[in-house]
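File shown: query-v3.tsv. Contents: TSV, C-alpha atoms.
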chain	number	residue	atom	x	y	z
A	1	MET	CA	-19.86	6.18	36.31
A	2	GLY	CA	-18.42	5.45	32.86
A	3	PHE	CA	-20.41	5.84	29.69
A	4	LEU	CA	-22.39	2.74	28.69
A	5	LYS	CA	-20.24	0.71	26.35
A	6	SER	CA	-22.55	-1.62	24.42
A	7	ASN	CA	-25.40	-0.49	22.20
A	8	ASN	CA	-26.07	-3.80	20.43
A	9	MET	CA	-25.82	-1.98	17.13
A	10	THR	CA	-25.91	-4.25	14.11
A	11	LYS	CA	-25.74	-3.73	10.38
A	12	GLU	CA	-29.41	-4.80	10.27
A	13	LYS	CA	-30.45	-2.06	12.71
A	14	ILE	CA	-28.57	0.53	10.65
A	15	GLN	CA	-30.21	-0.69	7.43
A	16	GLN	CA	-33.60	-0.61	9.14
A	17	PHE	CA	-32.99	3.00	10.16
A	18	PHE	CA	-31.94	4.14	6.69
A	19	ALA	CA	-34.90	2.33	5.07
A	20	SER	CA	-37.10	5.05	6.60
A	21	LYS	CA	-39.27	7.08	4.21
A	22	GLN	CA	-38.45	10.43	5.78
A	23	ILE	CA	-35.72	11.29	8.30
A	24	ALA	CA	-35.84	14.40	10.47
A	25	VAL	CA	-32.66	16.02	11.74
A	26	VAL	CA	-33.42	17.62	15.09
A	27	GLY	CA	-30.86	20.33	15.69
A	28	VAL	CA	-30.07	21.56	12.19
A	29	SER	CA	-28.22	24.84	12.25
A	30	GLU	CA	-27.13	27.48	9.76
A	31	ASN	CA	-23.94	27.81	11.80
A	32	LYS	CA	-21.30	26.11	9.61
A	33	VAL	CA	-19.35	24.99	12.70
A	34	LYS	CA	-22.25	22.97	14.11
A	35	PHE	CA	-22.72	19.41	12.89
A	36	GLY	CA	-26.52	19.30	12.36
A	37	GLY	CA	-26.44	21.25	9.10
A	38	SER	CA	-23.56	19.22	7.69
A	39	LEU	CA	-25.28	15.96	8.55
A	40	TYR	CA	-28.52	17.15	6.92
A	41	ARG	CA	-26.73	18.23	3.73
A	42	GLU	CA	-24.62	15.06	3.42
A	43	LEU	CA	-27.58	12.71	3.85
A	44	SER	CA	-29.69	14.80	1.46
A	45	LYS	CA	-26.91	14.52	-1.15
A	46	ALA	CA	-26.89	10.75	-0.58
A	47	GLY	CA	-30.57	10.67	-1.61
A	48	TYR	CA	-32.38	10.50	1.72
A	49	ASN	CA	-35.61	12.45	2.18
A	50	MET	CA	-34.57	14.79	4.99
A	51	VAL	CA	-36.67	17.12	7.12
A	52	PRO	CA	-35.11	19.93	9.21
A	53	VAL	CA	-36.13	20.62	12.83
A	54	ASN	CA	-35.10	23.74	14.74
A	55	PRO	CA	-37.47	25.99	16.72
A	56	HIS	CA	-35.47	29.08	15.69
A	57	LEU	CA	-35.64	28.61	11.91
A	58	GLN	CA	-38.54	28.95	9.47
A	59	GLU	CA	-36.63	27.38	6.58
A	60	PHE	CA	-33.44	25.40	6.10
A	61	GLU	CA	-31.77	24.59	2.77
A	62	GLY	CA	-34.96	25.66	0.97
A	63	LYS	CA	-37.27	23.38	2.96
A	64	LYS	CA	-39.78	24.21	5.67
A	65	CYS	CA	-38.14	23.86	9.07
A	66	TYR	CA	-40.33	22.38	11.81
A	67	ALA	CA	-40.22	23.73	15.35
A	68	SER	CA	-40.38	20.34	17.08
A	69	VAL	CA	-40.78	16.60	16.58
A	70	SER	CA	-44.46	16.96	17.47
A	71	ASP	CA	-44.94	19.24	14.46
A	72	LEU	CA	-43.41	16.81	11.94
A	73	PRO	CA	-45.55	15.41	9.12
A	74	ALA	CA	-47.00	11.93	9.75
A	75	GLU	CA	-44.78	10.31	7.10
A	76	THR	CA	-41.65	11.16	9.11
A	77	ASP	CA	-40.67	7.82	10.57
A	78	ALA	CA	-37.11	8.45	11.81
A	79	VAL	CA	-35.17	11.14	13.66
A	80	ILE	CA	-31.51	11.90	14.03
A	81	ILE	CA	-30.94	13.95	17.16
A	82	VAL	CA	-28.05	16.41	17.10
A	83	THR	CA	-28.62	18.37	20.30
A	84	LYS	CA	-27.03	18.66	23.71
A	85	PRO	CA	-27.90	15.78	26.07
A	86	THR	CA	-29.85	18.24	28.25
A	87	GLN	CA	-32.32	18.62	25.35
A	88	THR	CA	-32.18	15.09	23.96
A	89	MET	CA	-34.28	13.27	26.58
A	90	GLU	CA	-37.36	15.40	25.88
A	91	ILE	CA	-36.86	14.99	22.12
A	92	VAL	CA	-36.69	11.18	22.51
A	93	LYS	CA	-39.90	11.24	24.59
A	94	GLU	CA	-41.55	13.48	21.98
A	95	ALA	CA	-40.60	11.01	19.22
A	96	GLU	CA	-41.93	8.16	21.33
A	97	ARG	CA	-45.29	9.96	21.84
A	98	LYS	CA	-45.47	10.56	18.09
A	99	GLY	CA	-44.86	6.87	17.38
A	100	ILE	CA	-41.44	7.34	15.75
A	101	LYS	CA	-39.46	4.17	16.43
A	102	GLN	CA	-36.29	4.87	14.44
A	103	ILE	CA	-34.00	7.10	16.50
A	104	TRP	CA	-30.33	7.91	15.96
A	105	LEU	CA	-28.60	9.71	18.80
A	106	GLN	CA	-25.70	11.41	17.04
A	107	GLN	CA	-22.46	11.21	18.98
A	108	GLY	CA	-22.47	13.77	21.76
A	109	SER	CA	-26.25	14.02	22.04
A	110	GLU	CA	-26.61	11.10	24.43
A	111	ASP	CA	-25.78	10.39	28.06
A	112	ASN	CA	-26.27	7.46	30.45
A	113	ASP	CA	-29.78	8.55	31.52
A	114	ILE	CA	-30.99	8.69	27.91
A	115	ILE	CA	-29.46	5.31	27.06
A	116	GLU	CA	-31.05	3.75	30.15
A	117	TYR	CA	-34.41	5.30	29.22
A	118	VAL	CA	-34.48	3.77	25.72
A	119	LYS	CA	-33.39	0.28	26.81
A	120	GLY	CA	-36.25	-2.18	26.49
A	121	LYS	CA	-38.41	0.26	24.51
A	122	ASP	CA	-40.00	-0.80	21.24
A	123	MET	CA	-37.61	1.43	19.30
A	124	ASN	CA	-34.55	1.02	17.12
A	125	VAL	CA	-32.14	3.39	18.85
A	126	ILE	CA	-28.60	3.79	17.54
A	127	TYR	CA	-25.97	5.72	19.47
A	128	LYS	CA	-22.22	6.27	19.75
A	129	LYS	CA	-21.96	6.19	15.94
A	130	CYS	CA	-21.91	8.89	13.26
A	131	ALA	CA	-24.97	8.76	10.99
A	132	ILE	CA	-23.06	10.18	8.01
A	133	MET	CA	-20.61	7.28	8.09
A	134	PHE	CA	-23.40	4.75	7.60
A	135	GLY	CA	-25.65	6.72	5.23
A	136	ASN	CA	-23.71	6.07	2.00
A	137	PRO	CA	-20.69	8.18	2.94
A	138	LYS	CA	-18.17	9.91	0.71
A	139	GLY	CA	-14.87	11.60	1.51
A	140	PHE	CA	-13.61	11.51	5.10
A	141	HIS	CA	-16.60	9.57	6.46
A	142	GLY	CA	-16.31	6.93	3.75
A	143	PHE	CA	-12.63	6.51	4.52
A	144	HIS	CA	-13.35	6.22	8.24
A	145	GLY	CA	-15.95	3.52	7.47
A	146	PHE	CA	-13.37	1.68	5.35
A	147	LEU	CA	-10.90	1.74	8.25
A	148	MET	CA	-13.55	0.44	10.65
A	149	LYS	CA	-14.24	-2.48	8.30
A	150	LEU	CA	-10.53	-3.12	7.84
A	151	PHE	CA	-9.93	-3.34	11.59
A	152	GLY	CA	-13.11	-5.31	12.37
A	153	LYS	CA	-14.88	-2.45	14.16
A	154	PHE	CA	-17.76	-2.09	11.67
A	155	PRO	CA	-21.13	-3.48	12.87
A	156	LYS	CA	-21.94	-6.93	11.55
Starting from the coordinates I provided, produce the structure as structure tokens.
Amino acid sequence: MGFLKSNNMTKEKIQQFFASKQIAVVGVSENKVKFGGSLYRELSKAGYNMVPVNPHLQEFEGKKCYASVSDLPAETDAVIIVTKPTQTMEIVKEAERKGIKQIWLQQGSEDNDIIEYVKGKDMNVIYKKCAIMFGNPKGFHGFHGFLMKLFGKFPK
């Protein structure tokens, strides 16, 4: 079965996500090759209030690192998930139990089962898109966003 093609992502849904007070990145890593740390740093530089989540770290970039979504402070109202799909479903369910309705499944963290699970839920779930590109990007991600706009591929 092919990967689900449509995610009904709109510019409004993206703006709604980034209007969140506090955004957790689930899957931050000190490993420079892994994307979670880069995403966290780029969005922090763009001015977003970011919170790191990784059960193997006590601290990340000078901030307390939480072990799980369940442990996040109440004011955290959005999560970006940067984990393997085998871990993502439980993280989505954990966010749902905590009442977090803004969820971004970073490219590579989703699969068909997860997408099917979130359909029809009272959540704003974005997937198959890079969060850095839409969070006030600079450099490569900004250029990629420009190209998407130029060729009509940017959400409207």
Counting all atoms listed in the file, the option among A:Ile115, A:Gly62, A:Val25, A:Asp71 closest to A:Thr83: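 The closest residue to A:Thr83 is A:Val25.
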Polymer residues at most 10 Å from stretch 39-47 of chain A, all atoms listed in the file, same-chain spacing of 5 or more positions, as a list in words: Ile23, Ala24, Val25, Val26, Gly27, Val28, Ser29, Lys34, Pro52, Phe60, Glu61, Ile80, Val82, Gln106, Cys130, Ala131, Ile132, Met133, Phe134, Gly135, Asn136, Pro137 and Lys138 of chain A
Neighbour list for A:Thr88 as a list in words, cut-off 9 Å, all atoms listed in the file, skip fewer than 5 positions in-chain: Ile81, Val82, Thr83, Lys93, Leu105, Ser109, Glu110, Asp111 and Ile114 of chain A
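Comparing the minimum interatomic distances between A:Ala74 and each of A:Met123, A:Met89, A:Ile100, A:Val118, counting only C-alpha atoms, we find that A:Ile100 sits nearest.
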Å distance separating atom CA of A:Asp77 from atom CA of A:Ile91, one decimal place: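 Rounded to one decimal, the two atoms are 14.1 Å apart.
Rounded to one decimal, atom CA of A:Val79 and atom CA of A:Ile103 lie 5.1 Å from each other.
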Separation of atom CA of A:Asn54 from atom CA of A:Glu30 in Å: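 Value for the atom CA of A:Glu30-atom CA of A:Asn54 distance: 10.1 Å.
Candidate residues A:Ile14, A:Ala19, A:Val125, A:Met50 were compared for distance to A:Lys101, and the nearest is A:Val125, using all atoms listed in the file.
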Nearest residue to A:Asn112 from the set A:Thr86, A:Gln58, A:Lys129, A:Lys11 (distances using only C-alpha atoms): A:Thr86
